[in-house]
$ cat entry25.txt   # compact mmCIF, C-alpha atoms and all ligand atoms
# COMPACT_ATOMS: atom_id res chain seq x y z
CA MET A 1 -30.39 -26.18 6.19
CA ASN A 2 -30.40 -27.32 9.81
CA VAL A 3 -28.10 -25.82 12.41
CA PHE A 4 -26.11 -29.03 12.86
CA LEU A 5 -25.30 -29.34 9.15
CA ASP A 6 -24.59 -25.62 8.85
CA THR A 7 -22.20 -25.70 11.83
CA SER A 8 -20.46 -28.85 10.54
CA ILE A 9 -19.83 -27.23 7.15
CA PHE A 10 -18.49 -24.11 8.85
CA LEU A 11 -16.15 -26.11 11.11
CA GLY A 12 -14.96 -28.19 8.16
CA LYS A 13 -14.15 -25.05 6.16
CA PHE A 14 -12.53 -23.42 9.18
CA LEU A 15 -10.25 -26.41 9.77
CA TYR A 16 -9.44 -26.71 6.07
CA TYR A 17 -8.44 -23.03 5.77
CA PHE A 18 -6.49 -23.22 9.03
CA LEU A 19 -4.45 -26.17 7.74
CA GLU A 20 -4.05 -24.44 4.37
CA SER A 21 -2.64 -21.30 6.00
CA LEU A 22 -0.30 -23.40 8.16
CA PHE A 23 0.87 -25.23 5.05
CA TYR A 24 1.65 -21.96 3.26
CA LYS A 25 3.59 -20.73 6.30
CA ILE A 26 5.99 -23.62 5.71
CA ILE A 27 5.93 -23.88 1.93
CA SER A 28 5.74 -20.68 -0.10
CA LYS A 29 2.92 -20.39 -2.61
CA LYS A 30 3.54 -20.80 -6.34
CA LYS A 31 4.17 -17.37 -7.82
CA LYS A 32 1.88 -16.25 -10.62
CA ASP A 33 3.14 -15.39 -14.09
CA VAL A 34 2.74 -11.69 -14.89
CA THR A 35 4.10 -11.77 -18.43
CA GLY A 36 1.97 -9.46 -20.58
CA GLU A 37 -0.11 -8.24 -17.63
CA ILE A 38 -0.77 -4.48 -17.71
CA VAL A 39 0.43 -3.17 -14.35
CA LEU A 40 -0.50 0.39 -13.39
CA ILE A 41 1.43 1.92 -10.50
CA THR A 42 0.46 5.28 -9.03
CA GLY A 43 3.29 7.26 -7.48
CA ALA A 44 5.84 5.62 -9.78
CA ALA A 45 8.28 8.54 -9.85
CA SER A 46 10.24 7.48 -6.77
CA GLY A 47 10.61 5.13 -3.82
CA LEU A 48 8.54 1.98 -3.71
CA GLY A 49 6.60 2.82 -6.88
CA ARG A 50 9.76 3.07 -8.96
CA LEU A 51 11.26 -0.14 -7.51
CA LEU A 52 8.06 -2.10 -8.02
CA ALA A 53 7.84 -0.84 -11.62
CA ILE A 54 11.37 -2.02 -12.37
CA LYS A 55 10.71 -5.40 -10.76
CA PHE A 56 7.46 -5.97 -12.66
CA ALA A 57 9.14 -4.96 -15.93
CA ARG A 58 11.85 -7.57 -15.32
CA LEU A 59 9.09 -10.18 -15.09
CA GLY A 60 7.73 -9.25 -18.51
CA ALA A 61 4.79 -7.07 -17.47
CA ILE A 62 3.71 -3.95 -19.37
CA LEU A 63 4.07 -0.93 -17.11
CA VAL A 64 1.78 2.08 -16.87
CA LEU A 65 3.38 4.70 -14.64
CA TRP A 66 1.38 7.48 -13.03
CA ASP A 67 2.74 10.34 -10.97
CA ILE A 68 2.25 14.06 -10.43
CA ASN A 69 6.03 14.40 -10.66
CA GLU A 70 6.53 14.31 -14.42
CA GLU A 71 10.30 14.38 -14.39
CA GLY A 72 10.69 11.54 -11.86
CA ASN A 73 8.07 9.48 -13.66
CA MET A 74 9.82 9.90 -17.02
CA GLU A 75 13.06 8.86 -15.31
CA THR A 76 11.44 5.63 -14.05
CA CYS A 77 10.15 5.00 -17.58
CA ARG A 78 13.61 5.61 -19.03
CA MET A 79 15.24 3.31 -16.45
CA ILE A 80 12.87 0.50 -17.43
CA LYS A 81 13.31 0.95 -21.17
CA GLU A 82 17.08 1.35 -20.99
CA LYS A 83 17.92 -1.69 -18.93
CA GLN A 84 15.25 -4.08 -20.09
CA ASP A 85 13.47 -4.73 -23.29
CA ALA A 86 10.20 -3.87 -21.58
CA LYS A 87 7.17 -1.79 -22.44
CA ALA A 88 6.50 1.18 -20.20
CA PHE A 89 4.17 4.17 -20.56
CA ALA A 90 4.39 7.25 -18.36
CA TYR A 91 1.44 9.55 -17.68
CA THR A 92 1.40 12.67 -15.57
CA CYS A 93 -1.63 12.41 -13.32
CA ASP A 94 -2.68 14.17 -10.15
CA CYS A 95 -4.31 11.31 -8.28
CA SER A 96 -5.90 13.72 -5.81
CA ASN A 97 -8.07 15.01 -8.65
CA ARG A 98 -10.94 12.72 -9.66
CA GLN A 99 -11.32 14.27 -13.13
CA ASP A 100 -7.62 13.90 -13.80
CA VAL A 101 -7.72 10.22 -12.74
CA TYR A 102 -10.64 9.52 -15.10
CA ARG A 103 -8.94 11.47 -17.93
CA ALA A 104 -5.68 9.55 -17.56
CA ALA A 105 -7.56 6.25 -17.19
CA ASP A 106 -9.40 6.82 -20.51
CA GLN A 107 -6.10 7.62 -22.18
CA VAL A 108 -4.50 4.42 -20.80
CA LYS A 109 -7.42 2.27 -21.99
CA LYS A 110 -7.12 3.73 -25.50
CA GLU A 111 -3.33 3.71 -25.77
CA VAL A 112 -2.29 0.63 -23.74
CA GLY A 113 -5.34 -1.49 -22.93
CA ASN A 114 -7.16 -2.75 -19.86
CA VAL A 115 -5.17 -2.62 -16.66
CA THR A 116 -5.02 -6.04 -14.99
CA ILE A 117 -2.88 -5.24 -11.93
CA LEU A 118 -3.64 -1.92 -10.23
CA ILE A 119 -1.20 -0.78 -7.55
CA ASN A 120 -2.48 2.20 -5.56
CA ASN A 121 0.83 3.41 -4.18
CA ALA A 122 0.89 7.24 -4.45
CA GLY A 123 1.02 8.75 -1.00
CA VAL A 124 1.87 11.81 1.06
CA VAL A 125 2.53 12.45 4.73
CA THR A 126 2.04 15.65 6.74
CA GLY A 127 3.68 14.60 10.01
CA ARG A 128 2.33 17.43 12.17
CA GLU A 129 0.36 17.34 15.41
CA PHE A 130 -3.39 17.40 14.76
CA LEU A 131 -4.09 21.04 15.66
CA LYS A 132 -1.05 22.18 13.72
CA THR A 133 -2.20 20.45 10.54
CA PRO A 134 -3.85 22.94 8.16
CA ASP A 135 -7.22 21.87 6.75
CA HIS A 136 -5.95 21.68 3.19
CA MET A 137 -3.25 19.23 4.25
CA VAL A 138 -5.79 16.97 5.96
CA GLU A 139 -7.81 17.03 2.73
CA ARG A 140 -4.70 16.38 0.65
CA SER A 141 -3.87 13.27 2.73
CA PHE A 142 -7.34 11.86 2.25
CA LEU A 143 -7.53 12.73 -1.46
CA ILE A 144 -4.22 11.07 -2.30
CA ASN A 145 -3.91 8.28 0.29
CA ALA A 146 -7.52 7.12 0.19
CA MET A 147 -9.95 8.79 -2.22
CA SER A 148 -7.75 8.22 -5.26
CA HIS A 149 -8.15 4.45 -4.67
CA PHE A 150 -11.91 4.82 -5.18
CA TRP A 151 -11.44 6.61 -8.51
CA THR A 152 -8.77 4.25 -9.90
CA CYS A 153 -10.83 1.20 -8.94
CA LYS A 154 -13.96 2.74 -10.51
CA ALA A 155 -11.98 3.28 -13.69
CA PHE A 156 -10.30 -0.11 -14.00
CA LEU A 157 -12.41 -2.63 -12.06
CA PRO A 158 -15.25 -2.97 -14.63
CA ALA A 159 -12.92 -4.54 -17.24
CA MET A 160 -11.45 -6.82 -14.56
CA LEU A 161 -14.98 -7.92 -13.60
CA GLU A 162 -15.87 -8.62 -17.19
CA ALA A 163 -12.82 -10.83 -17.63
CA ASN A 164 -12.89 -12.16 -14.05
CA HIS A 165 -9.18 -11.49 -14.02
CA GLY A 166 -7.21 -8.87 -12.15
CA HIS A 167 -5.46 -7.79 -9.00
CA LEU A 168 -6.04 -4.74 -6.77
CA VAL A 169 -3.13 -3.71 -4.58
CA CYS A 170 -3.49 -1.18 -1.78
CA ILE A 171 -0.27 0.23 -0.40
CA SER A 172 -1.39 1.28 3.06
CA SER A 173 0.83 1.30 6.13
CA VAL A 174 1.17 0.04 9.69
CA ALA A 175 -0.35 3.48 10.30
CA GLY A 176 -3.45 2.04 8.58
CA VAL A 177 -3.96 -0.52 11.33
CA THR A 178 -2.82 1.38 14.42
CA GLY A 179 -2.92 5.05 15.39
CA ILE A 180 0.39 6.90 15.79
CA ASN A 181 0.82 10.34 17.40
CA GLY A 182 1.80 13.09 14.96
CA LEU A 183 0.19 11.20 12.07
CA SER A 184 -3.54 11.73 12.63
CA ASP A 185 -4.44 12.61 9.03
CA TYR A 186 -2.01 10.05 7.60
CA CYS A 187 -3.26 7.24 9.88
CA ALA A 188 -6.92 8.07 9.24
CA SER A 189 -6.41 8.13 5.47
CA LYS A 190 -4.44 4.86 5.56
CA PHE A 191 -7.14 3.23 7.73
CA ALA A 192 -9.63 4.39 5.08
CA ALA A 193 -7.56 2.84 2.31
CA CYS A 194 -7.39 -0.48 4.21
CA GLY A 195 -11.12 -0.42 4.91
CA PHE A 196 -11.92 0.28 1.28
CA ALA A 197 -9.65 -2.49 -0.02
CA GLU A 198 -10.93 -5.03 2.51
CA SER A 199 -14.58 -4.21 1.75
CA LEU A 200 -13.97 -4.50 -1.97
CA HIS A 201 -12.30 -7.87 -1.41
CA PHE A 202 -15.42 -9.18 0.37
CA GLU A 203 -17.68 -7.75 -2.35
CA LEU A 204 -15.65 -9.54 -5.01
CA ARG A 205 -15.85 -12.82 -3.05
CA LEU A 206 -19.61 -12.46 -2.82
CA LEU A 207 -19.81 -11.78 -6.56
CA GLN A 208 -17.74 -14.98 -7.00
CA LYS A 209 -15.11 -13.04 -8.93
CA THR A 210 -12.48 -15.29 -7.42
CA ASN A 211 -9.86 -14.46 -10.05
CA ILE A 212 -9.72 -10.83 -9.01
CA LYS A 213 -7.27 -10.79 -6.14
CA THR A 214 -6.60 -8.20 -3.46
CA THR A 215 -3.37 -7.44 -1.62
CA ILE A 216 -3.23 -4.98 1.27
CA VAL A 217 0.27 -3.87 2.22
CA CYS A 218 1.03 -2.42 5.67
CA PRO A 219 4.71 -1.61 6.18
CA TYR A 220 6.46 0.24 9.00
CA PHE A 221 9.00 2.98 8.10
CA ILE A 222 10.86 2.41 4.84
CA LYS A 223 14.00 4.33 3.93
CA THR A 224 12.55 6.08 0.88
CA GLY A 225 12.76 9.65 2.17
CA MET A 226 9.05 9.93 2.90
CA PHE A 227 9.71 9.66 6.64
CA GLU A 228 13.09 11.39 6.56
CA GLY A 229 14.55 11.96 10.03
CA CYS A 230 12.32 9.38 11.77
CA SER A 231 14.03 6.95 14.05
CA THR A 232 13.54 3.58 15.66
CA LYS A 233 14.72 2.78 19.20
CA TYR A 234 15.33 -0.95 18.80
CA PRO A 235 16.21 -1.63 15.16
CA LEU A 236 16.35 -5.37 15.83
CA LEU A 237 12.69 -5.46 16.86
CA LEU A 238 11.43 -2.62 14.67
CA PRO A 239 13.89 -1.92 11.88
CA MET A 240 13.63 0.94 9.41
CA LEU A 241 13.02 -1.17 6.32
CA LYS A 242 15.35 -1.02 3.35
CA GLN A 243 13.58 -0.01 0.11
CA GLU A 244 14.78 -3.08 -1.74
CA TYR A 245 13.63 -5.44 1.05
CA ALA A 246 10.19 -3.80 1.21
CA ALA A 247 9.71 -3.78 -2.57
CA GLN A 248 10.79 -7.44 -2.93
CA ASN A 249 8.41 -8.52 -0.15
CA ILE A 250 5.55 -6.55 -1.72
CA LEU A 251 6.28 -8.09 -5.12
CA ASN A 252 6.31 -11.60 -3.60
CA ALA A 253 3.04 -10.96 -1.77
CA ILE A 254 1.40 -9.87 -5.03
CA LEU A 255 2.80 -12.81 -6.99
CA GLU A 256 1.68 -15.21 -4.24
CA GLU A 257 -1.72 -13.48 -4.13
CA GLN A 258 -1.54 -12.85 -0.38
CA LEU A 259 -4.36 -10.76 1.02
CA TYR A 260 -2.30 -9.04 3.74
CA LEU A 261 1.35 -8.16 4.03
CA ILE A 262 2.52 -6.58 7.29
CA LEU A 263 6.19 -5.61 7.54
CA PRO A 264 8.22 -6.22 9.65
CA ARG A 265 6.71 -9.52 10.81
CA PHE A 266 7.08 -8.41 14.46
CA PHE A 267 4.04 -6.21 13.90
CA HIS A 268 1.82 -9.28 13.67
CA ILE A 269 2.51 -9.90 17.37
CA ALA A 270 2.05 -6.21 18.26
CA LEU A 271 -1.30 -6.09 16.44
CA LEU A 272 -2.46 -9.29 18.13
CA LEU A 273 -1.44 -7.89 21.52
CA LYS A 274 -3.41 -4.70 20.76
CA GLN A 275 -6.62 -6.76 20.86
CA VAL A 276 -5.89 -8.46 24.18
CA ILE A 277 -3.85 -6.17 26.41
CA SER A 278 -5.11 -3.08 28.24
CA PRO A 279 -4.69 0.42 26.68
CA ASN A 280 -2.14 1.31 29.37
CA MET A 281 -0.12 -1.84 28.64
CA LEU A 282 -0.27 -0.94 24.95
CA MET A 283 0.98 2.58 25.70
CA ALA A 284 3.84 1.14 27.77
CA LEU A 285 4.76 -1.13 24.85
CA ALA A 286 4.62 1.78 22.36
CA GLU A 287 6.85 3.86 24.65
CA TYR A 288 9.27 0.96 25.12
CA LEU A 289 9.54 0.57 21.35
CA GLY A 290 9.98 4.35 20.95
CA MET A 291 6.93 4.66 18.70
CA ASP A 292 5.76 7.74 20.63
CA ILE A 293 8.94 9.64 19.70
CA ALA A 294 9.52 8.12 16.27
CA LEU A 295 8.45 11.33 14.53
CA ALA A 296 10.29 13.73 16.86
CA SER A 297 12.88 14.67 14.25
CA PHE A 298 10.75 14.10 11.16
CA ILE A 299 11.80 16.26 8.21
CA GLU A 300 8.77 17.44 6.30
CA ARG A 301 8.70 17.33 2.52
CA GLU A 302 5.96 19.70 1.49
CA ASN A 303 6.98 19.83 -2.14
CA PRO A 304 9.79 17.98 -3.84
CA GLY A 305 12.99 19.75 -2.93
CA GLU A 306 11.42 21.69 -0.07
CA VAL A 307 12.41 20.34 3.31
CA GLN A 308 11.90 21.88 6.69
CA THR A 309 12.47 20.34 10.10
CA LYS A 310 10.03 20.78 12.94
CA THR A 311 12.72 22.62 14.87
CA GLU A 312 13.19 25.04 11.99
CA ARG A 313 9.43 25.58 11.83
CA LYS A 314 9.26 26.32 15.55
CA GLN A 315 12.05 28.85 15.17
CA GLN A 316 10.14 30.82 12.54
N1 LIG A 401 8.26 5.30 3.29
C1 LIG A 401 7.64 4.74 4.31
O1 LIG A 401 8.14 4.70 5.44
C2 LIG A 401 6.28 4.14 4.11
C3 LIG A 401 5.77 3.30 5.11
C4 LIG A 401 4.52 2.75 4.94
C5 LIG A 401 3.79 3.01 3.79
N2 LIG A 401 4.31 3.83 2.84
C6 LIG A 401 3.50 4.12 1.67
O2 LIG A 401 4.16 3.65 0.53
C7 LIG A 401 3.75 4.42 -0.61
C8 LIG A 401 4.97 4.87 -1.41
O3 LIG A 401 5.71 5.78 -0.61
P1 LIG A 401 7.29 5.95 -0.72
O4 LIG A 401 7.85 5.64 0.59
O5 LIG A 401 7.79 5.25 -1.92
O6 LIG A 401 7.38 7.54 -0.84
P2 LIG A 401 7.70 8.46 -2.11
O7 LIG A 401 7.47 9.85 -1.65
O8 LIG A 401 9.02 8.12 -2.67
O9 LIG A 401 6.59 8.06 -3.17
C9 LIG A 401 5.31 8.62 -3.23
C10 LIG A 401 5.02 8.99 -4.66
O10 LIG A 401 3.67 9.46 -4.74
C11 LIG A 401 3.67 10.55 -5.65
N3 LIG A 401 2.52 11.42 -5.44
C12 LIG A 401 2.30 12.27 -4.40
N4 LIG A 401 1.17 12.96 -4.61
C13 LIG A 401 0.66 12.54 -5.78
C14 LIG A 401 -0.49 12.89 -6.54
N5 LIG A 401 -1.34 13.82 -6.12
N6 LIG A 401 -0.71 12.25 -7.70
C15 LIG A 401 0.16 11.33 -8.16
N7 LIG A 401 1.27 10.96 -7.51
C16 LIG A 401 1.52 11.56 -6.32
C17 LIG A 401 4.98 11.28 -5.36
O11 LIG A 401 5.34 12.16 -6.41
C18 LIG A 401 5.92 10.12 -5.18
O12 LIG A 401 6.54 9.76 -6.39
C19 LIG A 401 2.92 5.59 -0.05
O13 LIG A 401 1.56 5.31 -0.19
C20 LIG A 401 3.29 5.59 1.42
O14 LIG A 401 2.29 6.15 2.22
C21 LIG A 401 5.54 4.40 2.96
$ encode --input "entry25.txt" --output "structure tokens" --more "lines below"
Ligand SMILES: NC(=O)c1ccc[n+]([C@@H]2O[C@H](COP(=O)([O-])OP(=O)(O)OC[C@H]3O[C@@H](n4cnc5c(N)ncnc54)[C@H](O)[C@@H]3O)[C@@H](O)[C@H]2O)c1
Amino acid sequence: MNVFLDTSIFLGKFLYYFLESLFYKIISKKKKDVTGEIVLITGAASGLGRLLAIKFARLGAILVLWDINEEGNMETCRMIKEKQDAKAFAYTCDCSNRQDVYRAADQVKKEVGNVTILINNAGVVTGREFLKTPDHMVERSFLINAMSHFWTCKAFLPAMLEANHGHLVCISSVAGVTGINGLSDYCASKFAACGFAESLHFELRLLQKTNIKTTIVCPYFIKTGMFEGCSTKYPLLLPMLKQEYAAQNILNAILEEQLYLILPRFFHIALLLKQVISPNMLMALAEYLGMDIALASFIERENPGEVQTKTERKQQ
């Protein structure tokens, strides 16, 4: 193919996709029907995972709930079955453990069927300065926030490929697209999750498996308790997101098969600026927005029920 033809095709595609994206900024995309889809959500015992499970159940999906917290997970399952005539199956699974992921995945395939929408949502945060983060906590962040995505995708993607039907959802974070002080292990693991999901998306495009969709979710702080004590200086610009708002936006992004969802929308501008302004200007912006002190009064949740503030830790 000559250069002229090649370039013309590229420019034609570029213009077409530009107009398409403009069009969908004005008119929202048709939402897909998830009736009968088997939706697996990791970290379904609380927060976003629980809300997403309830929302998918309302739409007629079959829910597979995974969490290390058996009690919370059973509660989500009960909430779904009580209020709606929906099918839900709860499994206790430690997503940081590869063998446990494969064991639970085999059980799901036998007892429920092939998962068609996989939502990698389980997550943990350490919230300590880098040198004060014990090695095992760095490993824990990576195992849960990133590595578990590799194992769940290895377990469920083959059936999706065979049917050319499925959806992979990566719940990352704004911390997966920009570094934040006090969150080195969290940011690095969330960057890894984004990188993995984006790479897989391109692989699937190349394999022409166009009916296997990817959604990468990058929210700022959500009031779920994970970032208890964190604050925002200008809530109008950078609000702490309400759980319901975040979950509804994530659901819509999945149903509309969006590749990226960044919340709040203001972060689109901040991320664009990151590429064009100087590092000092970026620092000034982060300080102005109070991002540098957002974690100052973070309350750590090492285990469910165990909370300890940084001040308390310093006093010990
Ligand atoms: N809350 C926020 O501000 C925020 C912001 C951006 C992204 N996120 C991401 O959203 C996702 C959901 O977080 P959330 O805010 O609902 O917090 P959450 O603590 O309520 O939910 C996390 C869930 O993951 C489960 N989990 C932890 N370790 C696990 C393991 N080893 N195996 C299985 N399950 C495990 C927990 O038991 C919990 O139910 C996380 O990936 C988090 O990083 C949260």
$ residues_around --input "entry25.txt" --residues "stretch 130-137 of chain A" --least-positions-apart "3" --cutoff "12 Å" --atoms "all atoms listed in the file" --output "ChimeraX atom specification"
/A:96,124-127,140-145,180-189,302,310,313-314
$ closest_residue --input "entry25.txt" --among "A:Leu15, A:Val115, A:Ala45, A:Ala197" --to "A:Leu63" --atoms "all atoms listed in the file"
A:Val115
$ atom_distance --input "entry25.txt" --atom1 "atom C2 of ligand LIG 401 (chain A)" --atom2 "atom CA of A:Val39"
20.7 Å
$ axis_aligned_box --input "entry25.txt" --around "ligand LIG 401 (chain A)" --padding-each-side "6 Å" --output "JSON"
{"center_x": 3.8, "center_y": 8.3, "center_z": -1.4, "size_x": 22.4, "size_y": 23.1, "size_z": 25.6}
$ atom_distance --input "entry25.txt" --atom1 "atom C15 of ligand LIG 401 (chain A)" --atom2 "atom CA of A:Leu51"
16.0 Å
$ closest_atom_pairs --input "entry25.txt" --of "chain A" --to "ligand LIG 401 (chain A)" --cutoff "8 Å" --atoms "all atoms listed in the file" --output "Markdown table"
| residue | atom | partner | partner_atom | distance |
| --- | --- | --- | --- | --- |
| A:Thr42 | CA | A:LIG401 | N7 | 5.9 |
| A:Gly43 | CA | A:LIG401 | O10 | 3.5 |
| A:Ala44 | CA | A:LIG401 | O12 | 5.4 |
| A:Ala45 | CA | A:LIG401 | O12 | 4.1 |
| A:Ser46 | CA | A:LIG401 | O8 | 4.3 |
| A:Gly47 | CA | A:LIG401 | O5 | 3.4 |
| A:Leu48 | CA | A:LIG401 | O5 | 3.8 |
| A:Gly49 | CA | A:LIG401 | O5 | 5.7 |
| A:Arg50 | CA | A:LIG401 | O5 | 7.6 |
| A:Trp66 | CA | A:LIG401 | C15 | 6.3 |
| A:Asp67 | CA | A:LIG401 | N7 | 3.8 |
| A:Ile68 | CA | A:LIG401 | C15 | 4.1 |
| A:Asn69 | CA | A:LIG401 | O11 | 4.9 |
| A:Gly72 | CA | A:LIG401 | O12 | 7.1 |
| A:Asn73 | CA | A:LIG401 | O12 | 7.4 |
| A:Thr92 | CA | A:LIG401 | C15 | 7.6 |
| A:Cys93 | CA | A:LIG401 | C15 | 5.6 |
| A:Asp94 | CA | A:LIG401 | N6 | 3.7 |
| A:Cys95 | CA | A:LIG401 | N6 | 3.8 |
| A:Ser96 | CA | A:LIG401 | N5 | 4.6 |
| A:Asn97 | CA | A:LIG401 | N5 | 7.3 |
| A:Asn120 | CA | A:LIG401 | O13 | 7.4 |
| A:Asn121 | CA | A:LIG401 | O13 | 4.5 |
| A:Ala122 | CA | A:LIG401 | O10 | 3.6 |
| A:Gly123 | CA | A:LIG401 | O13 | 3.6 |
| A:Val124 | CA | A:LIG401 | C12 | 5.5 |
| A:Val125 | CA | A:LIG401 | O14 | 6.8 |
| A:Arg140 | CA | A:LIG401 | N5 | 8.0 |
| A:Leu143 | CA | A:LIG401 | N5 | 7.8 |
| A:Ile144 | CA | A:LIG401 | N5 | 5.5 |
| A:Asn145 | CA | A:LIG401 | O13 | 6.2 |
| A:Ile171 | CA | A:LIG401 | O13 | 5.4 |
| A:Ser172 | CA | A:LIG401 | C5 | 5.5 |
| A:Ser173 | CA | A:LIG401 | C4 | 4.1 |
| A:Val174 | CA | A:LIG401 | C4 | 6.4 |
| A:Ala175 | CA | A:LIG401 | C4 | 7.3 |
| A:Tyr186 | CA | A:LIG401 | O14 | 7.9 |
| A:Lys190 | CA | A:LIG401 | O14 | 7.6 |
| A:Val217 | CA | A:LIG401 | C5 | 7.9 |
| A:Cys218 | CA | A:LIG401 | C4 | 6.3 |
| A:Pro219 | CA | A:LIG401 | C4 | 4.5 |
| A:Tyr220 | CA | A:LIG401 | C3 | 5.0 |
| A:Phe221 | CA | A:LIG401 | O1 | 3.3 |
| A:Ile222 | CA | A:LIG401 | O1 | 3.6 |
| A:Lys223 | CA | A:LIG401 | N1 | 5.9 |
| A:Thr224 | CA | A:LIG401 | O4 | 4.7 |
| A:Gly225 | CA | A:LIG401 | O8 | 6.3 |
| A:Met226 | CA | A:LIG401 | N1 | 4.7 |
| A:Phe227 | CA | A:LIG401 | O1 | 5.3 |
| A:Met240 | CA | A:LIG401 | O1 | 7.7 |
| A:Leu241 | CA | A:LIG401 | O1 | 7.7 |
| A:Pro304 | CA | A:LIG401 | O11 | 7.8 |
$ closest_residue --input "entry25.txt" --among "A:Phe18, A:Phe89, A:Tyr24, A:Phe191" --to "A:Glu256" --atoms "all atoms listed in the file"
A:Tyr24
$ closest_residue --input "entry25.txt" --among "A:Asn114, A:Thr178, A:Ser8, A:Gln208" --to "A:Ala286" --atoms "all atoms listed in the file"
A:Thr178
$ atom_distance --input "entry25.txt" --atom1 "atom CA of A:Cys194" --atom2 "atom CA of A:Phe298"
24.3 Å
$ closest_residue --input "entry25.txt" --among "A:Gly60, A:Gly179, A:Pro235, A:Gly166" --to "A:Lys87" --atoms "all atoms listed in the file"
A:Gly60
$ residues_around --input "entry25.txt" --residues "A:Thr215" --least-positions-apart "4" --cutoff "8 Å" --atoms "all atoms listed in the file" --output "ChimeraX atom specification"
/A:167-170,253-254,257-261
$ closest_residue --input "entry25.txt" --among "A:Val108, A:Val177, A:Cys230, A:Met79" --to "A:Lys274" --atoms "all atoms listed in the file"
A:Val177
$ residues_around --input "entry25.txt" --residues "A:Ala105" --least-positions-apart "5" --cutoff "9 Å" --atoms "only C-alpha atoms" --output "list in words"
Asp100, Lys110, Thr152, Ala155 and Phe156 of chain A
$ closest_residue --input "entry25.txt" --among "A:Lys55, A:Pro239, A:Pro279, A:Met291" --to "A:Phe266" --atoms "all atoms listed in the file"
A:Pro239
